[in-house]
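Trainee: File name entry-v6.txt; file contents compact mmCIF, C-alpha atoms; full text below.
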# COMPACT_ATOMS: atom_id res chain seq x y z
CA MET P 703 131.68 82.09 82.95
CA ARG P 704 134.80 84.33 82.77
CA TYR P 705 132.58 87.32 83.45
CA CYS P 706 130.96 85.53 86.38
CA GLN P 707 134.42 84.75 87.72
CA ALA P 708 135.43 88.40 87.34
CA MET P 709 132.34 89.48 89.29
CA GLY P 710 132.96 86.91 92.04
CA ILE P 711 129.78 84.94 91.43
CA ALA P 712 131.11 81.94 89.50
CA ASP P 713 130.62 79.63 92.50
CA PHE P 714 126.90 80.37 92.30
CA VAL P 715 126.48 79.83 88.55
CA ALA P 716 126.20 76.52 86.71
CA VAL P 717 125.83 76.02 82.98
CA ASP P 718 123.14 73.50 82.15
CA THR P 719 122.41 72.99 78.45
CA ALA P 720 119.47 70.74 79.30
CA ILE P 721 117.24 73.58 80.58
CA ILE P 722 114.15 73.90 78.45
CA ARG P 723 111.83 76.78 79.21
CA GLY P 724 108.29 76.08 78.10
CA LEU P 725 107.69 79.23 76.09
CA ALA P 726 108.17 79.13 72.32
CA TYR P 727 109.32 82.74 71.97
CA TYR P 728 112.83 82.24 73.41
CA THR P 729 115.49 82.63 70.73
CA GLY P 730 118.72 82.08 72.63
CA ILE P 731 120.05 81.52 76.10
CA VAL P 732 117.57 80.73 78.86
CA PHE P 733 118.25 80.84 82.58
CA GLU P 734 116.81 79.91 85.94
CA ALA P 735 117.82 80.87 89.48
CA PHE P 736 117.51 78.59 92.48
CA ASP P 737 118.09 78.81 96.21
CA ILE P 738 121.64 77.89 97.20
CA ASN P 739 120.66 74.36 98.31
CA ARG P 740 118.27 73.79 95.40
CA GLU P 741 115.50 72.82 97.78
CA LEU P 742 112.82 74.70 95.86
CA ARG P 743 111.83 75.01 92.24
CA ALA P 744 113.20 77.99 90.28
CA ILE P 745 112.89 81.36 92.02
CA PHE P 746 112.95 83.08 88.65
CA GLY P 747 113.62 82.21 85.06
CA GLY P 748 113.79 83.82 81.68
CA GLY P 749 115.87 84.22 78.61
CA ARG P 750 116.53 85.89 75.29
CA TYR P 751 113.54 86.50 73.01
CA ASP P 752 114.59 88.69 70.11
CA ASN P 753 111.64 87.84 67.86
CA LEU P 754 108.90 88.75 70.34
CA PHE P 755 108.95 92.48 69.58
CA ALA P 756 108.86 91.84 65.85
CA LYS P 757 105.79 89.65 66.28
CA MET P 758 104.03 92.10 68.58
CA ALA P 759 105.13 95.52 67.32
CA GLY P 760 106.52 94.85 63.86
CA GLN P 761 109.98 96.08 64.86
CA GLU P 762 112.99 93.88 65.53
CA MET P 763 114.67 94.44 68.87
CA ALA P 764 116.98 92.41 71.06
CA ALA P 765 115.41 91.55 74.40
CA VAL P 766 115.95 89.59 77.59
CA GLY P 767 113.25 89.08 80.16
CA MET P 768 112.39 87.10 83.24
CA GLY P 769 109.60 86.36 85.63
CA PHE P 770 109.60 85.68 89.38
CA GLY P 771 107.63 83.03 91.20
CA ASP P 772 106.01 84.82 94.14
CA VAL P 773 105.12 81.56 95.89
CA VAL P 774 108.74 80.41 95.71
CA ILE P 775 109.93 83.75 97.12
CA GLU P 776 107.46 83.36 99.99
CA GLU P 777 108.70 79.83 100.69
CA LEU P 778 112.33 80.94 100.55
CA TYR P 779 111.58 83.77 102.97
CA ALA P 780 109.80 81.34 105.32
CA MET P 781 112.78 78.96 105.22
CA LYS P 782 115.18 81.75 106.14
CA PHE P 783 113.14 83.87 108.56
CA GLY P 784 110.07 81.81 109.47
CA ARG P 785 106.50 82.36 108.40
CA PRO P 786 104.88 85.39 110.00
CA GLU P 787 101.41 84.84 111.43
CA LYS P 788 100.45 88.38 110.52
CA TYR P 789 101.80 90.91 108.10
CA PRO P 790 103.37 93.70 110.14
CA GLY P 791 102.79 97.33 109.46
CA VAL P 792 99.31 97.32 107.93
CA LYS P 793 97.06 99.60 109.96
CA ALA P 794 93.93 99.57 107.76
CA VAL P 795 92.54 97.32 105.05
CA VAL P 796 89.91 98.53 102.59
CA GLY P 797 87.52 96.22 100.76
CA PHE P 798 84.32 96.25 98.73
CA TYR P 799 81.37 94.01 97.95
CA ASP P 800 81.27 94.27 94.13
CA ASP P 801 83.03 95.91 91.21
CA THR P 802 80.68 98.92 91.15
CA MET P 803 82.27 99.96 94.45
CA ALA P 804 85.92 99.44 93.51
CA GLU P 805 86.70 103.01 92.53
CA LYS P 806 85.27 104.48 95.76
CA ALA P 807 87.13 101.87 97.81
CA MET P 808 90.40 102.75 96.09
CA GLN P 809 89.77 106.44 96.72
CA ALA P 810 89.19 105.68 100.41
CA ALA P 811 92.41 103.63 100.56
CA ASP P 812 94.29 106.45 98.84
CA LYS P 813 92.95 108.99 101.33
CA LEU P 814 93.97 106.81 104.29
CA ALA P 815 97.45 106.33 102.84
CA LYS P 816 97.88 110.03 102.07
CA ASP P 817 96.86 110.77 105.65
CA GLY P 818 99.79 108.63 106.78
CA MET P 819 98.01 105.39 107.66
CA THR P 820 99.66 102.23 106.30
CA THR P 821 96.88 100.85 104.12
CA ASP P 822 96.20 97.73 102.10
CA ILE P 823 93.32 97.14 99.70
CA ALA P 824 91.65 93.91 98.69
CA PHE P 825 91.58 94.48 94.92
CA ASN P 826 88.92 91.86 94.29
CA PRO P 827 85.35 92.02 95.56
CA LEU P 828 84.81 90.00 98.74
CA ASN P 829 81.71 89.27 100.73
CA PHE P 830 81.53 90.64 104.26
CA LYS P 831 82.83 87.50 106.00
CA LYS P 832 85.73 86.86 103.59
CA PHE P 833 86.83 90.49 103.68
CA PHE P 834 87.00 90.65 107.48
CA ALA P 835 88.93 87.35 107.54
CA TYR P 836 91.36 88.84 105.00
CA ALA P 837 91.77 92.04 107.05
CA ALA P 838 92.42 90.01 110.21
CA LYS P 839 95.00 87.87 108.40
CA ARG P 840 96.79 91.03 107.30
CA GLY P 841 97.06 92.01 110.96
CA ALA P 842 95.25 95.31 110.45
CA LYS P 843 93.73 97.27 113.28
CA TYR P 844 90.95 98.70 111.11
CA ALA P 845 88.83 97.09 108.41
CA CYS P 846 87.03 99.56 106.13
CA TYR P 847 84.36 97.97 103.96
CA LEU P 848 81.96 99.18 101.29
CA ALA P 849 78.76 97.13 101.54
CA PRO P 850 75.72 97.72 99.27
CA ASP P 851 73.52 99.67 101.70
CA GLU P 852 76.35 101.82 103.00
CA PHE P 853 77.63 102.44 99.47
CA ALA P 854 74.16 103.63 98.41
CA ASN P 855 74.28 106.16 101.29
CA GLY P 856 77.85 107.31 100.55
CA GLU P 857 79.11 105.56 103.68
CA MET P 858 81.64 102.91 104.66
CA ILE P 859 81.72 100.40 107.51
CA VAL P 860 84.78 100.83 109.74
CA LYS P 861 85.54 98.10 112.26
CA ASN P 862 88.21 98.13 114.93
CA LEU P 863 89.49 94.56 114.73
CA GLU P 864 91.09 94.76 118.17
CA THR P 865 87.97 95.82 120.08
CA GLY P 866 85.27 94.56 117.71
CA GLU P 867 83.60 97.99 117.72
CA GLN P 868 82.05 98.95 114.39
CA ILE P 869 80.78 102.28 113.07
CA THR P 870 79.62 103.72 109.77
CA LEU P 871 81.33 106.82 108.38
CA LYS P 872 80.62 109.03 105.41
CA LEU P 873 83.15 108.33 102.66
CA ASP P 874 84.22 111.98 102.82
CA ASP P 875 85.10 111.49 106.50
CA ILE P 876 87.44 108.52 105.96
CA GLY P 877 90.96 109.42 107.03
CA SER P 878 93.72 108.53 109.45
CA ASP P 879 91.67 110.08 112.26
CA ILE P 880 89.42 107.00 112.25
CA SER P 881 91.41 105.96 115.31
CA GLU P 882 89.78 108.88 117.15
CA LYS P 883 86.30 107.76 116.05
CA ILE P 884 86.44 104.09 116.90
Any chance you could give the structure as structure tokens?
Mentor:
Amino acid sequence: MRYCQAMGIADFVAVDTAIIRGLAYYTGIVFEAFDINRELRAIFGGGRYDNLFAKMAGQEMAAVGMGFGDVVIEELYAMKFGRPEKYPGVKAVVGFYDDTMAEKAMQAADKLAKDGMTTDIAFNPLNFKKFFAYAAKRGAKYACYLAPDEFANGEMIVKNLETGEQITLKLDDIGSDISEKI
């Protein structure tokens, strides 16, 4: 606590010897961080786990680690700034029907991003309807989707979510200039 006082954060730190983290590999101090009003569950938590490396790698090493709760961070953000209806800044979202198409979809997303278009990718396969709902939720202007028939022909569906217009492009032609094509 003296160190916390020296760093000017003592008012935000409380010692609680009753904290029990549920993981058996902790070997010393454990910690949790909460929002200032303690309205939410822990934002992050962790602790000391010196024996973990010895168990996993056969070598003893001192260690401290922690994990964040992404849902809690989202709730904290919403409490402070409000919940956005759309995620700003995403211009294109890329998706695919099944795992056999994942690599090509990621290459298309990479090409769009390298061409300067802010791009998101749905990393899990989604059917047509779910993918376009996801792309709309992200607030994207363009949804680029690999469906089975198009994939077999080396093509991708590109839909302008603002106008509803949809075209099919060769995968080699996917780039930031899609805005000129649709």
Trainee: Identify the residues around (94.9, 106.3, 108.7) within a radius of 7 Å, measuring from all atoms listed in the file in the coordinates stated by the file, and give them as a VMD selection string.
Mentor: chain P and resid 794 814 to 815 817 to 820 877 to 880
Trainee: Just give me the residues with any atom within 12 Å of (86.1, 98.3, 115.9), file coordinates, counting only C-alpha atoms, written as a PyMOL selection string.
Mentor: chain P and resi 794+834+838+842-846+859-870+880-884
Trainee: Please measure the separation of CA of Val766 (chain P) and CA of Tyr751 (chain P), giving the value in Å to one decimal.
Mentor: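 That distance, rounded to one decimal, is 6.0 Å.
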Trainee: Please provide the set of residues having any atom within 8 Å of region 725-740 of chain P, restricted to only C-alpha atoms, with same-chain residues fewer than 3 positions apart removed, written as a list in words.
Mentor: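 The residues satisfying every condition are Phe714, Ile721, Ile722, Arg743, Ala744, Ile745, Phe746, Gly747, Gly748, Gly749, Arg750, Tyr751, Asp752, Asn753, Leu754 and Leu778 of chain P.
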Trainee: Mind giving me the straight-line distance from CA of Glu805 (chain P) to CA of Val773 (chain P) in Å, one decimal?
Mentor: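 CA of Val773 (chain P) lies at a distance of 28.5 Å from CA of Glu805 (chain P).
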Trainee: Please, what distance in Å, to one decimal, runs between CA of Ala824 (chain P) and CA of Phe798 (chain P)?
Mentor: 7.7 Å
Trainee: With all atoms listed in the file as the counted atoms, please give the residues lying no more than 10 Å from Lys872 (chain P), apart from itself and same-chain residues fewer than 6 positions off, as a PyMOL selection string.
Mentor: chain P and resi 852-853+855-859
Trainee: Restricting the calculation to all atoms listed in the file, which member of P:Gly769, P:Lys793, P:Phe783, P:Ala804 is positioned closest to Leu828 (chain P)?
Mentor: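 The closest residue to Leu828 (chain P) is P:Ala804.
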Trainee: Would you pick out the contacts of Asp822 (chain P) at 8 Å or less, using all atoms listed in the file, so that residues sharing its chain but fewer than 5 positions from it are not included, and give the list as a count of residues only?
Mentor: 5
Trainee: Rank nothing, just name the residue among P:Met758, P:Met808, P:Leu742, P:Met709 nearest to Ala780 (chain P), using only C-alpha atoms.
Mentor: P:Leu742
Trainee: P:Gly767, P:Lys782, P:Met703, P:Phe830: which is nearest Ala716 (chain P), counting all atoms listed in the file?
Mentor: P:Met703
Trainee: Would you mind putting N, CA and C atoms back on region 802-822 of chain P and writing the result as a short mmCIF file (atom, residue, chain, number, x, y, z; two decimals), keeping the file's coordinate frame?
Mentor:
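Once everything was written out, this is selection_25.cif:
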data_model
loop_
_atom_site.label_atom_id
_atom_site.label_comp_id
_atom_site.auth_asym_id
_atom_site.auth_seq_id
_atom_site.Cartn_x
_atom_site.Cartn_y
_atom_site.Cartn_z
N THR P 802 81.21 97.56 91.26
CA THR P 802 80.68 98.92 91.15
C THR P 802 81.22 99.82 92.25
N MET P 803 81.77 99.22 93.30
CA MET P 803 82.27 99.96 94.45
C MET P 803 83.79 100.12 94.46
N ALA P 804 84.46 99.49 93.50
CA ALA P 804 85.92 99.44 93.51
C ALA P 804 86.55 100.82 93.50
N GLU P 805 86.09 101.69 92.65
CA GLU P 805 86.70 103.01 92.53
C GLU P 805 86.60 103.79 93.84
N LYS P 806 85.44 103.78 94.47
CA LYS P 806 85.27 104.48 95.76
C LYS P 806 86.15 103.86 96.84
N ALA P 807 86.27 102.54 96.83
CA ALA P 807 87.13 101.87 97.81
C ALA P 807 88.58 102.28 97.60
N MET P 808 89.01 102.35 96.37
CA MET P 808 90.40 102.75 96.09
C MET P 808 90.64 104.20 96.48
N GLN P 809 89.64 105.05 96.29
CA GLN P 809 89.77 106.44 96.72
C GLN P 809 89.89 106.52 98.24
N ALA P 810 89.10 105.71 98.95
CA ALA P 810 89.19 105.68 100.41
C ALA P 810 90.57 105.20 100.87
N ALA P 811 91.08 104.15 100.22
CA ALA P 811 92.41 103.63 100.56
C ALA P 811 93.48 104.69 100.29
N ASP P 812 93.34 105.39 99.18
CA ASP P 812 94.29 106.45 98.84
C ASP P 812 94.26 107.55 99.89
N LYS P 813 93.07 107.93 100.32
CA LYS P 813 92.95 108.99 101.33
C LYS P 813 93.60 108.56 102.64
N LEU P 814 93.35 107.32 103.07
CA LEU P 814 93.97 106.81 104.29
C LEU P 814 95.49 106.83 104.17
N ALA P 815 96.00 106.37 103.05
CA ALA P 815 97.45 106.33 102.84
C ALA P 815 98.04 107.73 102.81
N LYS P 816 97.38 108.65 102.12
CA LYS P 816 97.88 110.03 102.07
C LYS P 816 97.84 110.70 103.43
N ASP P 817 96.93 110.25 104.29
CA ASP P 817 96.86 110.77 105.65
C ASP P 817 97.91 110.14 106.56
N GLY P 818 98.69 109.22 106.02
CA GLY P 818 99.79 108.63 106.78
C GLY P 818 99.50 107.28 107.41
N MET P 819 98.35 106.70 107.10
CA MET P 819 98.01 105.39 107.66
C MET P 819 98.45 104.30 106.68
N THR P 820 99.23 103.34 107.14
CA THR P 820 99.66 102.23 106.30
C THR P 820 98.42 101.44 105.91
N THR P 821 98.16 101.36 104.61
CA THR P 821 96.88 100.85 104.12
C THR P 821 97.08 99.79 103.05
N ASP P 822 96.25 98.78 103.11
CA ASP P 822 96.20 97.73 102.10
C ASP P 822 94.79 97.75 101.52
#
